[in-house]
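*Asks:* Structure below; questions to follow.
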Amino acid sequence: MALAYKGGACEICGYNRCVRALSFHHRDPKKKDFGLSAHGLTRSWEKTRVELDKCALLCMNCHMEVHGGVTQLPGETQVEKRGELS
Ligand SMILES: [Zn+2]
Ligand SMILES: [Zn+2]
């Protein structure tokens with residue numbers, strides 16, 4: 001349900017071959033990412049959906065790239081670039 005809501009594919013590269021390789025990335029770095037494990041969605045769908053609106057669905061590769069600063073989320077205007085990870 002959560003996957004379908006987010007389009008079921010990576011928002012960056014469109015990867016959708018294996019749902020296990022997809023994960024949610026929270027746009028607010030203060031909040032934690034949450035996974036797709038079977039027991040992960042114990043909260044109500046309403047609450048989950050609110051959270052999903054703040055998240056991007058990414059495949060593992062793109063997710064790691066975003067965290068590594070290599071890739072930016074679509075629609076994200078990140079003017080500042082951090083050089084520390086070069
Ligand atoms: Zn991807
Ligand atoms: Zn993330």
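As shown in the structure tokens, the chain order sets the letters A, B, ...; within each chain, residues go from 1, and ligands are also counted from 1 in the order they appear.
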Give the residue list for ligand 1 at 12 Å, counting only C-alpha atoms and all ligand atoms, as a count of residues only, sorted by chain and then by residue number.
*Replies:* 32
*Asks:* Record the distance separating atom CA of His67 of chain A and atom CA of Phe34 of chain A, expressed in Å with one decimal.
*Replies:*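 Pair atom CA of His67 of chain A / atom CA of Phe34 of chain A returns 14.2 Å.
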*Asks:* Give the answer as one residue: which of A:Leu52, A:Arg20, A:Ser44, A:Pro29 has the shortest atom-to-atom distance to Lys6 of chain A, using only C-alpha atoms?
*Replies:*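 Closest candidate: A:Leu52.
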*Asks:* Which residue is closest to ligand 2? Choose from A:Lys54, A:Lys31, A:Arg49, A:His26 and count only C-alpha atoms and all ligand atoms.
*Replies:*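 Smallest distance to ligand 2 is found for A:His26.
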*Asks:* Using only C-alpha atoms and all ligand atoms, which of the listed residues (A:Gly75, A:Ala2, A:Gly69, A:Asp53) sits closest to ligand 2?
*Replies:*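 Answer, going by the shortest atom-to-atom distance: A:Gly69.
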